[in-house]
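Q: So I've got this file, coords_14.pdb, and it contains PDB, C-alpha atoms:
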ATOM      1  CA  LYS A   1     -10.862 252.269-110.612
ATOM      2  CA  SER A   2      -8.932 250.685-107.814
ATOM      3  CA  VAL A   3     -10.688 248.054-105.777
ATOM      4  CA  ALA A   4      -9.763 247.586-102.126
ATOM      5  CA  PHE A   5      -8.770 244.010-101.447
ATOM      6  CA  GLN A   6      -8.683 242.601 -97.984
ATOM      7  CA  MET A   7      -7.373 239.121 -97.371
ATOM      8  CA  VAL A   8      -9.183 237.101 -94.731
ATOM      9  CA  LEU A   9      -6.720 235.146 -92.641
ATOM     10  CA  LYS A  10      -7.388 232.017 -90.642
ATOM     11  CA  PRO A  11      -6.359 232.521 -87.008
ATOM     12  CA  ASP A  12      -4.137 230.290 -84.921
ATOM     13  CA  MET A  13      -4.662 231.287 -81.301
ATOM     14  CA  VAL A  14      -2.824 230.170 -78.175
ATOM     15  CA  VAL A  15      -4.681 230.994 -74.974
ATOM     16  CA  VAL A  16      -2.287 231.270 -72.020
ATOM     17  CA  LEU A  17      -4.370 230.938 -68.884
ATOM     18  CA  ASP A  18      -3.298 231.876 -65.352
ATOM     19  CA  ARG A  19      -4.406 229.232 -62.860
ATOM     20  CA  SER A  20      -2.589 230.678 -59.843
ATOM     21  CA  PRO A  21      -4.260 230.985 -56.394
ATOM     22  CA  SER A  22      -4.772 234.748 -56.814
ATOM     23  CA  MET A  23      -7.221 233.957 -59.635
ATOM     24  CA  GLN A  24      -9.651 232.587 -57.017
ATOM     25  CA  SER A  25     -10.586 236.043 -55.736
ATOM     26  CA  ASP A  26     -13.289 238.277 -57.217
ATOM     27  CA  GLN A  27     -14.495 235.584 -59.646
ATOM     28  CA  LYS A  28     -11.387 236.066 -61.826
ATOM     29  CA  TRP A  29     -11.099 232.347 -62.527
ATOM     30  CA  GLU A  30     -14.779 232.040 -63.476
ATOM     31  CA  PHE A  31     -14.440 235.059 -65.779
ATOM     32  CA  ALA A  32     -11.296 233.646 -67.396
ATOM     33  CA  VAL A  33     -12.874 230.239 -68.045
ATOM     34  CA  GLN A  34     -15.994 231.895 -69.440
ATOM     35  CA  ALA A  35     -13.795 234.047 -71.695
ATOM     36  CA  VAL A  36     -12.112 230.984 -73.174
ATOM     37  CA  HIS A  37     -15.470 229.195 -73.607
ATOM     38  CA  ASP A  38     -16.716 232.273 -75.452
ATOM     39  CA  LEU A  39     -13.667 232.248 -77.700
ATOM     40  CA  ILE A  40     -14.086 228.543 -78.475
ATOM     41  CA  ASN A  41     -17.714 229.193 -79.472
ATOM     42  CA  ARG A  42     -16.656 231.939 -81.910
ATOM     43  CA  LEU A  43     -13.986 229.962 -83.758
ATOM     44  CA  THR A  44     -14.755 228.118 -86.992
ATOM     45  CA  ALA A  45     -13.611 224.696 -88.201
ATOM     46  CA  HIS A  46     -10.815 226.409 -90.186
ATOM     47  CA  ASP A  47      -9.335 228.067 -87.089
ATOM     48  CA  ARG A  48      -6.807 226.441 -84.770
ATOM     49  CA  LEU A  49      -6.548 226.737 -81.006
ATOM     50  CA  ALA A  50      -4.064 225.595 -78.354
ATOM     51  CA  LEU A  51      -4.333 226.023 -74.583
ATOM     52  CA  VAL A  52      -1.541 226.626 -72.078
ATOM     53  CA  ALA A  53      -2.177 226.854 -68.332
ATOM     54  CA  PHE A  54       0.370 228.078 -65.820
ATOM     55  CA  ASP A  55       0.865 228.375 -62.104
ATOM     56  CA  GLN A  56       4.374 227.638 -60.721
ATOM     57  CA  SER A  57       5.094 225.985 -64.077
ATOM     58  CA  ALA A  58       3.343 225.925 -67.452
ATOM     59  CA  ASN A  59       1.749 223.031 -69.331
ATOM     60  CA  VAL A  60       0.277 222.622 -72.785
ATOM     61  CA  ILE A  61      -3.144 221.320 -71.820
ATOM     62  CA  ALA A  62      -4.390 221.187 -75.420
ATOM     63  CA  ASP A  63      -2.044 221.080 -78.421
ATOM     64  CA  TRP A  64      -3.095 222.633 -81.745
ATOM     65  CA  GLN A  65      -6.544 221.559 -82.884
ATOM     66  CA  TYR A  66      -8.827 222.728 -85.636
ATOM     67  CA  THR A  67     -11.943 223.943 -83.878
ATOM     68  CA  THR A  68     -14.415 221.507 -85.400
ATOM     69  CA  SER A  69     -17.570 220.723 -83.418
ATOM     70  CA  GLU A  70     -16.005 217.575 -81.947
ATOM     71  CA  ASN A  71     -12.732 219.292 -81.055
ATOM     72  CA  LYS A  72     -14.604 222.219 -79.508
ATOM     73  CA  GLN A  73     -16.255 219.804 -77.097
ATOM     74  CA  ASN A  74     -12.871 218.243 -76.274
ATOM     75  CA  LEU A  75     -11.422 221.716 -75.633
ATOM     76  CA  ARG A  76     -14.350 222.611 -73.363
ATOM     77  CA  ASN A  77     -13.837 219.396 -71.374
ATOM     78  CA  VAL A  78     -10.103 220.087 -70.977
ATOM     79  CA  LEU A  79     -10.841 223.656 -69.908
ATOM     80  CA  ASN A  80     -13.417 222.590 -67.322
ATOM     81  CA  ALA A  81     -10.967 220.060 -65.832
ATOM     82  CA  ILE A  82      -8.242 222.626 -65.025
ATOM     83  CA  GLU A  83      -7.486 222.915 -61.327
ATOM     84  CA  LEU A  84      -5.939 225.951 -59.688
ATOM     85  CA  GLY A  85      -2.346 225.562 -58.530
ATOM     86  CA  SER A  86       0.286 227.678 -56.802
ATOM     87  CA  ALA A  87       2.409 230.726 -57.787
ATOM     88  CA  THR A  88       2.413 232.663 -61.094
ATOM     89  CA  ASN A  89       4.992 231.846 -63.762
ATOM     90  CA  ILE A  90       3.909 234.100 -66.642
ATOM     91  CA  GLY A  91       7.310 233.767 -68.319
ATOM     92  CA  GLU A  92       7.082 230.001 -68.709
ATOM     93  CA  GLY A  93       3.503 230.358 -69.975
ATOM     94  CA  LEU A  94       4.689 232.728 -72.707
ATOM     95  CA  GLN A  95       7.665 230.469 -73.517
ATOM     96  CA  MET A  96       5.297 227.510 -74.015
ATOM     97  CA  ALA A  97       3.129 229.640 -76.293
ATOM     98  CA  GLN A  98       6.200 230.652 -78.298
ATOM     99  CA  GLN A  99       7.171 226.988 -78.753
ATOM    100  CA  LEU A 100       3.662 226.119 -79.921
ATOM    101  CA  VAL A 101       3.581 228.935 -82.463
ATOM    102  CA  SER A 102       7.084 228.230 -83.790
ATOM    103  CA  LYS A 103       6.100 224.717 -84.927
ATOM    104  CA  LEU A 104       3.267 225.936 -87.199
ATOM    105  CA  ASN A 105       3.210 226.624 -90.912
ATOM    106  CA  ALA A 106       1.969 230.226 -90.904
ATOM    107  CA  SER A 107       1.172 230.512 -94.619
ATOM    108  CA  GLY A 108      -2.159 232.341 -95.045
ATOM    109  CA  ARG A 109      -2.756 232.347 -91.308
ATOM    110  CA  SER A 110      -2.314 234.777 -88.437
ATOM    111  CA  GLN A 111      -0.869 233.829 -85.075
ATOM    112  CA  ARG A 112      -2.006 235.356 -81.824
ATOM    113  CA  VAL A 113      -1.161 234.662 -78.190
ATOM    114  CA  LEU A 114      -3.870 235.704 -75.755
ATOM    115  CA  LEU A 115      -2.684 235.946 -72.128
ATOM    116  CA  LEU A 116      -5.372 235.986 -69.407
ATOM    117  CA  SER A 117      -3.894 236.796 -66.004
ATOM    118  CA  ASP A 118      -3.936 239.097 -63.004
ATOM    119  CA  GLY A 119      -0.310 239.785 -63.927
ATOM    120  CA  GLU A 120       1.329 239.094 -60.575
ATOM    121  CA  ALA A 121       4.513 237.330 -61.791
ATOM    122  CA  ASN A 122       6.213 235.759 -58.746
ATOM    123  CA  MET A 123       7.934 232.668 -60.180
ATOM    124  CA  GLY A 124      10.433 232.046 -62.974
ATOM    125  CA  ILE A 125      11.026 235.270 -64.919
ATOM    126  CA  THR A 126       9.693 238.046 -62.678
ATOM    127  CA  ASP A 127      11.607 241.042 -64.050
ATOM    128  CA  PRO A 128       9.164 243.149 -66.142
ATOM    129  CA  ALA A 129      11.897 244.108 -68.635
ATOM    130  CA  ALA A 130      12.741 240.424 -69.251
ATOM    131  CA  LEU A 131       9.049 239.541 -69.648
ATOM    132  CA  ASN A 132       8.631 242.425 -72.098
ATOM    133  CA  GLN A 133      11.638 241.136 -74.065
ATOM    134  CA  LEU A 134      10.012 237.705 -74.248
ATOM    135  CA  SER A 135       6.793 239.242 -75.552
ATOM    136  CA  GLN A 136       8.781 241.220 -78.120
ATOM    137  CA  SER A 137      10.639 238.113 -79.298
ATOM    138  CA  ILE A 138       7.268 236.396 -79.901
ATOM    139  CA  ALA A 139       6.113 239.441 -81.901
ATOM    140  CA  ASN A 140       9.374 239.418 -83.877
ATOM    141  CA  GLN A 141       8.413 235.922 -85.065
ATOM    142  CA  GLY A 142       5.203 237.337 -86.527
ATOM    143  CA  THR A 143       2.856 236.491 -83.654
ATOM    144  CA  VAL A 144       0.793 239.155 -81.893
ATOM    145  CA  VAL A 145       0.638 239.010 -78.080
ATOM    146  CA  SER A 146      -2.534 240.448 -76.537
ATOM    147  CA  THR A 147      -3.331 240.513 -72.835
ATOM    148  CA  ILE A 148      -6.486 240.552 -70.746
ATOM    149  CA  GLY A 149      -6.066 241.720 -67.143
ATOM    150  CA  MET A 150      -8.440 239.896 -64.838
ATOM    151  CA  GLY A 151     -10.454 241.592 -62.086
ATOM    152  CA  LEU A 152      -9.562 244.806 -60.281
ATOM    153  CA  GLY A 153      -6.264 243.940 -58.598
ATOM    154  CA  PHE A 154      -4.151 242.945 -61.608
ATOM    155  CA  ASN A 155      -0.756 244.395 -62.491
ATOM    156  CA  GLU A 156      -1.889 246.864 -65.155
ATOM    157  CA  THR A 157       1.632 248.127 -65.845
ATOM    158  CA  LEU A 158       2.947 244.658 -66.657
ATOM    159  CA  MET A 159      -0.081 243.479 -68.631
ATOM    160  CA  SER A 160      -0.239 246.631 -70.770
ATOM    161  CA  SER A 161       3.511 246.620 -71.477
ATOM    162  CA  LEU A 162       3.419 242.929 -72.476
ATOM    163  CA  ALA A 163       0.753 243.836 -75.059
ATOM    164  CA  ASP A 164       2.747 246.881 -76.226
ATOM    165  CA  TYR A 165       5.935 244.862 -76.730
ATOM    166  CA  GLY A 166       3.877 242.068 -78.311
ATOM    167  CA  MET A 167       2.253 244.485 -80.814
ATOM    168  CA  GLY A 168      -1.151 243.475 -79.445
ATOM    169  CA  ARG A 169      -4.080 244.839 -77.543
ATOM    170  CA  PHE A 170      -4.414 245.255 -73.786
ATOM    171  CA  SER A 171      -7.857 244.880 -72.219
ATOM    172  CA  TYR A 172      -9.119 244.311 -68.729
ATOM    173  CA  LEU A 173     -12.055 242.214 -67.700
ATOM    174  CA  GLU A 174     -13.824 243.478 -64.621
ATOM    175  CA  HIS A 175     -17.304 242.381 -65.687
ATOM    176  CA  LEU A 176     -18.356 239.537 -67.964
ATOM    177  CA  ASN A 177     -20.480 241.872 -70.103
ATOM    178  CA  LEU A 178     -17.253 243.358 -71.538
ATOM    179  CA  LEU A 179     -16.110 239.944 -72.690
ATOM    180  CA  THR A 180     -18.005 239.894 -75.979
ATOM    181  CA  ASP A 181     -16.431 243.126 -77.229
ATOM    182  CA  ILE A 182     -12.906 242.111 -76.184
ATOM    183  CA  LEU A 183     -13.015 238.731 -77.919
ATOM    184  CA  GLU A 184     -14.791 240.093 -80.975
ATOM    185  CA  ASN A 185     -11.993 242.651 -81.438
ATOM    186  CA  GLU A 186      -9.267 240.031 -80.968
ATOM    187  CA  LEU A 187     -10.819 237.695 -83.526
ATOM    188  CA  LYS A 188     -11.504 240.511 -85.986
ATOM    189  CA  ASP A 189      -7.880 241.664 -85.745
ATOM    190  CA  SER A 190      -6.560 238.127 -86.237
ATOM    191  CA  ARG A 191      -8.657 237.621 -89.368
ATOM    192  CA  GLU A 192      -7.567 240.847 -91.085
TER
END
Go ahead and render the structure in this file as structure tokens.
A:
Amino acid sequence: KSVAFQMVLKPDMVVVLDRSPSMQSDQKWEFAVQAVHDLINRLTAHDRLALVAFDQSANVIADWQYTTSENKQNLRNVLNAIELGSATNIGEGLQMAQQLVSKLNASGRSQRVLLLSDGEANMGITDPAALNQLSQSIANQGTVVSTIGMGLGFNETLMSSLADYGMGRFSYLEHLNLLTDILENELKDSRE
């Protein structure tokens, strides 16, 4: 008899969070922050998380941390302290995520970039084809890029193609009650 064997991987997740002014409308920012809080709550002490926030430029606001109880609280504090800025530089946000992932030892782990944005790229790399190429280059390094479109007015074409080129999943978050399913699927995928 053959026995099915499934390896459980430990996820390394980079959340790339849009903090542009357009995220102020329709509670998009509140939904995005709640989504990341939800993700932090679901991770175990063996998982690793990093946070990137972008507006006209991108910053690593939390470098890789194992999500122990103490580090989870630190991550929550960092998340709650983010202030909204100006413009939307998705490209630089993805480049920062790629740099973070490239410095990890991926043995026995799975890497995932999770982009939360309304997808209105208006700074840095704005050409959809170039952004898709960036997402594909991250995927070619063995890291899945998934996207969550925020609210009703996001650029669905861009956000879905970034996920396609990144070999990930595209979701949109109009209501917070969809959040649980989205994050559960992302974590499940990253552990299998």
Q: Considering all atoms listed in the file, return as number ranges by chain whatever protein or nucleic-acid residues lie within 9 Å of Met96 (chain A), sequence-local ones (same chain, fewer than 2 positions apart) excluded.
A: A: 16, 52, 58-60, 91-94, 98-101
Q: Take CA of Arg19 (chain A) and CA of Leu131 (chain A) and report the distance between them in Å, one decimal.
A: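 Calculated distance between CA of Arg19 (chain A) and CA of Leu131 (chain A) is 18.3 Å.
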Q: For this structure, which residues satisfy the selection - the PyMOL selection byres ((chain A and resi 116) around 9) - when it is evaluated on the file as given? I want them as a list in words.
A: Val15, Val16, Leu17, Asp18, Ala32, Ala35, Leu114, Leu115, Ser117, Asp118, Gly119, Ser146, Thr147, Ile148, Gly149 and Met150 of chain A
Q: Taking the file above as input, evaluate the PyMOL selection byres ((chain A and resi 167) around 12) and report the hits as a PDB file with C-alpha atoms, in the coordinates of the input.
A:
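Result file follows (expr_4.pdb):
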ATOM      1  CA  GLN A 111      -0.869 233.829 -85.075  1.00  0.00           C
ATOM      2  CA  ARG A 112      -2.006 235.356 -81.824  1.00  0.00           C
ATOM      3  CA  VAL A 113      -1.161 234.662 -78.190  1.00  0.00           C
ATOM      4  CA  LEU A 114      -3.870 235.704 -75.755  1.00  0.00           C
ATOM      5  CA  ASN A 132       8.631 242.425 -72.098  1.00  0.00           C
ATOM      6  CA  SER A 135       6.793 239.242 -75.552  1.00  0.00           C
ATOM      7  CA  GLN A 136       8.781 241.220 -78.120  1.00  0.00           C
ATOM      8  CA  SER A 137      10.639 238.113 -79.298  1.00  0.00           C
ATOM      9  CA  ILE A 138       7.268 236.396 -79.901  1.00  0.00           C
ATOM     10  CA  ALA A 139       6.113 239.441 -81.901  1.00  0.00           C
ATOM     11  CA  ASN A 140       9.374 239.418 -83.877  1.00  0.00           C
ATOM     12  CA  GLN A 141       8.413 235.922 -85.065  1.00  0.00           C
ATOM     13  CA  GLY A 142       5.203 237.337 -86.527  1.00  0.00           C
ATOM     14  CA  THR A 143       2.856 236.491 -83.654  1.00  0.00           C
ATOM     15  CA  VAL A 144       0.793 239.155 -81.893  1.00  0.00           C
ATOM     16  CA  VAL A 145       0.638 239.010 -78.080  1.00  0.00           C
ATOM     17  CA  SER A 146      -2.534 240.448 -76.537  1.00  0.00           C
ATOM     18  CA  THR A 147      -3.331 240.513 -72.835  1.00  0.00           C
ATOM     19  CA  SER A 160      -0.239 246.631 -70.770  1.00  0.00           C
ATOM     20  CA  SER A 161       3.511 246.620 -71.477  1.00  0.00           C
ATOM     21  CA  LEU A 162       3.419 242.929 -72.476  1.00  0.00           C
ATOM     22  CA  ALA A 163       0.753 243.836 -75.059  1.00  0.00           C
ATOM     23  CA  ASP A 164       2.747 246.881 -76.226  1.00  0.00           C
ATOM     24  CA  TYR A 165       5.935 244.862 -76.730  1.00  0.00           C
ATOM     25  CA  GLY A 166       3.877 242.068 -78.311  1.00  0.00           C
ATOM     26  CA  GLY A 168      -1.151 243.475 -79.445  1.00  0.00           C
ATOM     27  CA  ARG A 169      -4.080 244.839 -77.543  1.00  0.00           C
ATOM     28  CA  PHE A 170      -4.414 245.255 -73.786  1.00  0.00           C
ATOM     29  CA  ASP A 189      -7.880 241.664 -85.745  1.00  0.00           C
TER      30      ASP A 189
END
Q: Suppose you want the space between CA of Gly108 (chain A) and CA of Asn185 (chain A); what is it in Å?
A: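 Going from CA of Gly108 (chain A) over to CA of Asn185 (chain A) covers 19.7 Å.
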Q: Expand the PyMOL selection byres ((chain A and resi 66-72) around 10) into the individual residues it matches in the shown file, reporting them as a PDB file with C-alpha atoms, in the coordinates of the input.
A:
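Output file selection.pdb is given in full below:
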ATOM      1  CA  ASP A  12      -4.137 230.290 -84.921  1.00  0.00           C
ATOM      2  CA  HIS A  37     -15.470 229.195 -73.607  1.00  0.00           C
ATOM      3  CA  ILE A  40     -14.086 228.543 -78.475  1.00  0.00           C
ATOM      4  CA  ASN A  41     -17.714 229.193 -79.472  1.00  0.00           C
ATOM      5  CA  ARG A  42     -16.656 231.939 -81.910  1.00  0.00           C
ATOM      6  CA  LEU A  43     -13.986 229.962 -83.758  1.00  0.00           C
ATOM      7  CA  THR A  44     -14.755 228.118 -86.992  1.00  0.00           C
ATOM      8  CA  ALA A  45     -13.611 224.696 -88.201  1.00  0.00           C
ATOM      9  CA  HIS A  46     -10.815 226.409 -90.186  1.00  0.00           C
ATOM     10  CA  ASP A  47      -9.335 228.067 -87.089  1.00  0.00           C
ATOM     11  CA  ARG A  48      -6.807 226.441 -84.770  1.00  0.00           C
ATOM     12  CA  LEU A  49      -6.548 226.737 -81.006  1.00  0.00           C
ATOM     13  CA  ALA A  50      -4.064 225.595 -78.354  1.00  0.00           C
ATOM     14  CA  TRP A  64      -3.095 222.633 -81.745  1.00  0.00           C
ATOM     15  CA  GLN A  65      -6.544 221.559 -82.884  1.00  0.00           C
ATOM     16  CA  GLN A  73     -16.255 219.804 -77.097  1.00  0.00           C
ATOM     17  CA  ASN A  74     -12.871 218.243 -76.274  1.00  0.00           C
ATOM     18  CA  LEU A  75     -11.422 221.716 -75.633  1.00  0.00           C
ATOM     19  CA  ARG A  76     -14.350 222.611 -73.363  1.00  0.00           C
ATOM     20  CA  ASN A  77     -13.837 219.396 -71.374  1.00  0.00           C
ATOM     21  CA  VAL A  78     -10.103 220.087 -70.977  1.00  0.00           C
TER      22      VAL A  78
END
Q: Quick check, in Å to one decimal: how far apart do CA of Arg191 (chain A) and CA of Thr157 (chain A) lie?
A: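 It comes out at 27.7 Å.
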Q: Give me the residues within 12 Å of Asp181 (chain A) as a PyMOL selection string, counting all atoms listed in the file and dropping any in the same chain fewer than 5 places off.
A: chain A and resi 35+38-39+171-173+175-176+186-188
Q: Can you list, as JSON, numbers by chain, every protein, DNA or RNA residue that comes within 7 Å of Ala87 (chain A) when you count only C-alpha atoms, leaving out same-chain residues fewer than 2 positions away?
A: {"A": [20, 21, 55, 56, 89, 122, 123]}
Q: Using only C-alpha atoms, which protein or nucleic acid residues come within 7 Å of Gly151 (chain A)? Drop anything in the same chain fewer than 6 positions from it, and give the result as JSON, numbers by chain.
A: {"A": [26, 28, 173, 174]}
Q: Near Val33 (chain A), within 8 Å and counting all atoms listed in the file, which residues show up once chain neighbours fewer than 4 positions away are dropped, as a list in words?
A: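 In the requested form, the answer reads Trp29, His37, Leu79 and Asn80 of chain A.
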Q: Write the residues you've just listed into a file as a PDB file, in the coordinates of the input, and include C-alpha atoms for each of them.
A:
ATOM      1  CA  TRP A  29     -11.099 232.347 -62.527  1.00  0.00           C
ATOM      2  CA  HIS A  37     -15.470 229.195 -73.607  1.00  0.00           C
ATOM      3  CA  LEU A  79     -10.841 223.656 -69.908  1.00  0.00           C
ATOM      4  CA  ASN A  80     -13.417 222.590 -67.322  1.00  0.00           C
TER       5      ASN A  80
END
Q: Which residue out of A:Ser25, A:Gln95, A:Ala81, A:Val36 has the minimum interatomic distance to Phe54 (chain A) when all atoms listed in the file are used?
A: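 Residue with the minimum atom-to-atom distance to Phe54 (chain A): A:Gln95.
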Q: Restricting the calculation to all atoms listed in the file, which member of A:Val14, A:Ile61, A:Leu9, A:Leu84 is positioned closest to Glu30 (chain A)?
A: A:Leu84
